[in-house]
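Peer 1: The following block contains the structure, expressed as structure tokens.
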Amino acid sequence: MRIVTARRISQFFFLVLFLWFCVVSSYGTQWRQLRGWPVNWFMELDPLLALGTVLTTRTLYSTLLWALATVLLTLVLGRFFCGWVCPFGTLHQFLGYVGKRRRDPSSAAAENAYRGAQRVKYYLLFFLLSAGAGSLAAWGIRTVFSHSILPALLAVGTLVLSVLVLFRFLGPRKKAAGLMLGALGFWTCLAFFFAVDRWIDGSLQTGLLDPIPLLYRSVNLAILPLLDSTSQRIHADQRFYYGAWVIGVIFLGALLLNLKTPRFYCRFLCPLGALMGFLSHFALWKIAKKSGDCNRCGLCETHCEGACNPSDTIRTHDCVLCMNCFDRCGRDLMTYAARPSVSGEITVPDLSRRGLLAAFAMGVALPPMVRLSGGTQANWNPHGIRPPGSLPEAEFLRRCTKCGQCMRICPTNIIQPAGWETGPEGLWTPVLNFRAGTSGCQLNCVACGLVCPTAAVRPITPDEKLGRNAYAAAGPIRLGTAFVDRGRCLPWAMDKPCIVCQEVCPVSPKAVFVRERFVAVRNGAMGVRRTEGFRVEIQGPALTPGRFSTGDFYLHVLEGPGRGLHRIAGNGTDALELDSGGPRETLPAPGAPIEIHVRLQQPQVDPERCIGCGICEHECPVSGLRAIRVTAENESRSKSRSFLL
């Protein structure tokens, strides 16, 4: 079997496996839904995700240990993941192949030539990792200053190194090391006078461009919902996601760029590929030339996927092991072995120190500058309601990889990708929108925490969520609190009977209760012409037949016999039918003044019992902006967001 045939079989297998994992991330009872499949396995293989969470949380989660296998194999084989496993890379390679089918070999070789812009992905990698490194730096500063002797030693060492560098007592390499230690000493000296650990922090932003979370997000929130709209075989109802068109446009745009330049995303933007490129510097096995009598025919570059210049000095850090040069060379000059190329090789990208320093500085400065708006402190947005089991906001942003798994599995479709309501660093993280789905957060559902790959939404049990058994003392997990908007509520603002929110409240005793009040309807004052049985003929404007027959309307006799309220069973244009349950002698006398009243059950919310499930908001009959809405006040995950100061 040809090596490229084996590679294509591998790519096809892993692409189908990935798509299958996305399909079975759907909540349901069918054999293809939620059946214990390792749906996060591709993210667990992702070393960039593992490294990012290590920087932000100082923890390597047990499920992410798979990433160590990817790293070890890369150190032996090179960038095998990009060329043989990555499903996003497979899509890029296929569309690149479609785009260049009818191009002549010379133009195809020109498109596959190395470009200096391929360095951009390495700067992006440094930027994204630096955005998470602030957490580690703050922890290091706190650790150092918890021991009084260490800051003094660092300061003295920095001073000595600075003098040696200044008077050129150190060689070039040692000078670079001295400069790095000098920078460390600068931070140490700065920390003598300022609480540096308070204003530097980190958040996990690798998921914005990391191809694995990006592909999960695109398929979960844009591609599969589009298929649901045509067949509805994956989900029983249509799924909707806020901003899905933006996610879809980014995904399709990244793919369509391959029609112009093969593997455009992989060559210029992919931070995971950049990390693999650094690791491949140490690879034992590499693509190499085994003989120097090459006639530069260009066949190898015609089909090179990594634009790694195989016909000359090979850039092994950009080689994705597509094996096309190995397969296409008609003179059998290419090999894959543990020996250097006879034509030379470049194993590390030629990056400028200024560019790396700029990327690092921008990444470290990003989270502190974004958080100057106070989004994780007092100025938090009450509309940013997180799923049950979510960690406190700052810790949540250190872990969430924006993959969309929790959104896909939510059975009621209320977990949505955030826009700007949680700040720039919260883009595409999960928030709850109780208008979007089919109901609120179901009491016994804990699915979102079971599929989160980094425990930003931690796994919980139904007992913990509802505050039962061992969790009775802590009480139920509160997502927020419902508030009645009296300016939009039907009983409060429009004198229309409605108790939907109280009826659907699932808490026992109910968190939504009502207070009864009787109010005269507009133009409801009139007089009695005569009575016949339980039929009262009226003097006044004509009535709409059946308008007062709902059981919520009452005849209010203002004076004389039958003074008080009588329930109306029905009405015509000039008569009212009263409830026959009362005594006939209490009916009003002819000429008595009367009014028609409506019984209003005006909803109130008990904040001590409300858990913020949002079912009341979803079922509220007021379309558009609901008359009862849930906000994040009083959520369990943060004591600083309690309902009362």
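Chain lettering (A, B, ...) mirrors the order of the structure tokens, residue numbering begins at 1 for each chain separately, and ligand numbering begins at 1 in order of display.
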If you run DSSP on the backbone here, which positions in region 486-636 of chain A get alpha helix (DSSP H)? Please write them as a PDB file with C-alpha atoms, in the first residue's frame.

Peer 2:
```pdb
ATOM      1  CA  LEU A 490     -50.358  41.357  32.356  1.00  0.00           C
ATOM      2  CA  PRO A 491     -51.940  41.409  35.863  1.00  0.00           C
ATOM      3  CA  TRP A 492     -49.779  44.331  37.009  1.00  0.00           C
ATOM      4  CA  ALA A 493     -49.726  46.613  33.962  1.00  0.00           C
ATOM      5  CA  VAL A 500     -48.644  31.178  34.048  1.00  0.00           C
ATOM      6  CA  CYS A 501     -45.372  31.876  35.892  1.00  0.00           C
ATOM      7  CA  GLN A 502     -46.862  30.698  39.193  1.00  0.00           C
ATOM      8  CA  GLU A 503     -48.329  27.573  37.612  1.00  0.00           C
ATOM      9  CA  VAL A 504     -45.090  26.441  35.913  1.00  0.00           C
ATOM     10  CA  ILE A 615     -38.997  28.055  33.244  1.00  0.00           C
ATOM     11  CA  CYS A 616     -41.213  30.987  34.255  1.00  0.00           C
ATOM     12  CA  GLU A 617     -39.394  33.299  31.833  1.00  0.00           C
ATOM     13  CA  HIS A 618     -39.690  30.831  28.973  1.00  0.00           C
ATOM     14  CA  GLU A 619     -43.419  30.213  29.512  1.00  0.00           C
TER      15      GLU A 619
END
```

Peer 1: When DSSP is applied to the backbone of this structure, which of region 380-453 of chain A are assigned strand (DSSP E)? Write them out as a count of residues only.

Peer 2: 6

Peer 1: Could you list, as a PyMOL selection string, every residue within 10 Å of Glu111 (chain A), counting only C-alpha atoms and ignoring same-chain residues fewer than 4 positions away?

Peer 2: chain A and resi 100+105-107+115+260-262+301-304+307

Peer 1: Can you pull out the residues contacting Ile596 (chain A)? Cut-off 6 Å, using only C-alpha atoms, and skip same-chain residues under 4 positions away; I want them as a list in words.

Peer 2: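 Selected residues are Ala520, Gly524, Tyr554, Leu555 and His556 of chain A.
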
Peer 1: Residues at most 9 Å from Ala418 (chain A), counting only C-alpha atoms, excluding those fewer than 4 positions away in the same chain, as a list in words?

Peer 2: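 In the requested form, the answer reads Tyr242, Gly243, Gly384, Thr422, Gly423, Gly426, Leu427, Trp428, Thr429, Pro430, Val431 and Leu432 of chain A.
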
Peer 1: Write out the residues from the selection above, keeping C-alpha atoms, as a compact mmCIF listing (two decimals), in the first residue's frame.

Peer 2:
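See result-v3.txt below for the written result:
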```txt
# COMPACT_ATOMS: atom_id res chain seq x y z
CA TYR A 242 -27.24 33.07 19.04
CA GLY A 243 -24.55 34.30 16.65
CA GLY A 384 -24.48 36.60 31.95
CA THR A 422 -19.58 38.80 29.34
CA GLY A 423 -16.76 40.91 27.88
CA GLY A 426 -16.02 35.66 27.38
CA LEU A 427 -16.78 35.48 23.64
CA TRP A 428 -18.49 32.16 22.74
CA THR A 429 -18.46 30.94 26.34
CA PRO A 430 -21.78 29.41 27.51
CA VAL A 431 -24.56 31.59 28.91
CA LEU A 432 -28.23 30.78 29.49
```

Peer 1: Name all residues at most 6 Å from Gly467 (chain A) (count only C-alpha atoms; drop same-chain ones fewer than 5 positions away) and give them as JSON, numbers by chain.

Peer 2: {"A": [472, 475, 476]}

Peer 1: May I have the residues from that selection written out with N, CA and C atoms, as an mmCIF file, in the first residue's frame?

Peer 2:
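Result file selection.cif:
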```cif
data_model
loop_
_atom_site.group_PDB
_atom_site.id
_atom_site.type_symbol
_atom_site.label_atom_id
_atom_site.label_comp_id
_atom_site.auth_asym_id
_atom_site.auth_seq_id
_atom_site.Cartn_x
_atom_site.Cartn_y
_atom_site.Cartn_z
ATOM 1 N N ALA A 472 -28.362 18.731 51.528
ATOM 2 C CA ALA A 472 -29.524 19.459 52.046
ATOM 3 C C ALA A 472 -29.107 20.722 52.792
ATOM 4 N N GLY A 475 -28.298 23.500 50.347
ATOM 5 C CA GLY A 475 -29.417 23.977 49.557
ATOM 6 C C GLY A 475 -29.185 23.777 48.067
ATOM 7 N N PRO A 476 -30.186 24.072 47.239
ATOM 8 C CA PRO A 476 -30.059 23.861 45.800
ATOM 9 C C PRO A 476 -29.100 24.867 45.170
#
```

Peer 1: In terms of the shortest atom-to-atom distance over only C-alpha atoms, which of A:Val76, A:Ala69, A:Ala378, A:Ala365 is closest to Ile200 (chain A)?

Peer 2: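 The closest residue to Ile200 (chain A) is A:Ala365.
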
Peer 1: Just want the 10 Å neighbourhood of Met323 (chain A), counted on only C-alpha atoms, with same-chain residues fewer than 3 positions away dropped. Output as a tab-separated table (two decimals) with C-alpha atoms, in the first residue's frame.

Peer 2:
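Wrote selection38.tsv, looks like this:
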```tsv
chain	number	residue	atom	x	y	z
A	2	ARG	CA	1.26	3.47	-0.89
A	3	ILE	CA	2.08	5.67	2.08
A	4	VAL	CA	-0.27	8.43	0.90
A	5	THR	CA	-3.10	5.89	0.67
A	7	ARG	CA	-2.49	8.63	5.21
A	83	GLY	CA	-1.18	15.37	8.55
A	287	ILE	CA	11.33	13.86	5.86
A	300	CYS	CA	7.68	17.36	-4.65
A	303	HIS	CA	1.81	18.62	-3.90
A	304	CYS	CA	3.52	19.81	-0.67
A	305	GLU	CA	0.83	20.50	1.94
A	319	CYS	CA	6.28	19.78	7.37
A	320	VAL	CA	2.90	18.15	8.13
A	326	PHE	CA	8.06	10.99	-0.69
A	327	ASP	CA	5.42	9.50	-2.99
A	328	ARG	CA	5.82	11.85	-5.97
A	334	MET	CA	13.13	11.49	-0.56
A	335	THR	CA	13.02	9.39	2.56
A	336	TYR	CA	11.47	9.38	6.00
```

Peer 1: Measuring atom to atom with only C-alpha atoms, identify which of A:Asp201, A:Asp46, A:Glu464, A:Asp210 is nearest to Leu125 (chain A).

Peer 2: A:Asp210

Peer 1: Please report the interatomic distance between CA of Leu73 (chain A) and CA of Ala283 (chain A) in Å with one decimal.

Peer 2: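 About the pair CA of Leu73 (chain A) and CA of Ala283 (chain A): they are 8.6 Å apart.
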
Peer 1: Find the residue from A:Val519, A:Trp84, A:Pro509, A:Thr586 that sits nearest to Phe534 (chain A); use only C-alpha atoms when measuring.

Peer 2: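 Selected residue with least distance to Phe534 (chain A): A:Thr586.
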
Peer 1: Could you please determine the separation between CA of Gln93 (chain A) and CA of Leu275 (chain A) in Å, to one decimal place?

Peer 2: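 Distance reported for this atom pair: 19.4 Å.
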
Peer 1: Which residue is closest to Gly546 (chain A)? Choose from A:Ile9, A:Leu19, A:Ile499, A:Ile568 and count only C-alpha atoms.

Peer 2: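 The closest residue to Gly546 (chain A) is A:Ile568.
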
Peer 1: Rank nothing, just name the residue among A:Lys121, A:Arg354, A:Arg331, A:Arg8 nearest to Cys266 (chain A), using only C-alpha atoms.

Peer 2: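 Among the listed residues, the smallest separation from Cys266 (chain A) belongs to A:Lys121.
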
Peer 1: Give the answer as one residue: which of A:Ile477, A:Ile538, A:Ala589, A:Cys294 has the shortest atom-to-atom distance to Cys610 (chain A), using only C-alpha atoms?

Peer 2: A:Ile477

Peer 1: Find the distance between CA of Leu226 (chain A) and CA of Tyr241 (chain A) and write it in Å to one decimal.

Peer 2: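 So the answer is 10.7 Å.
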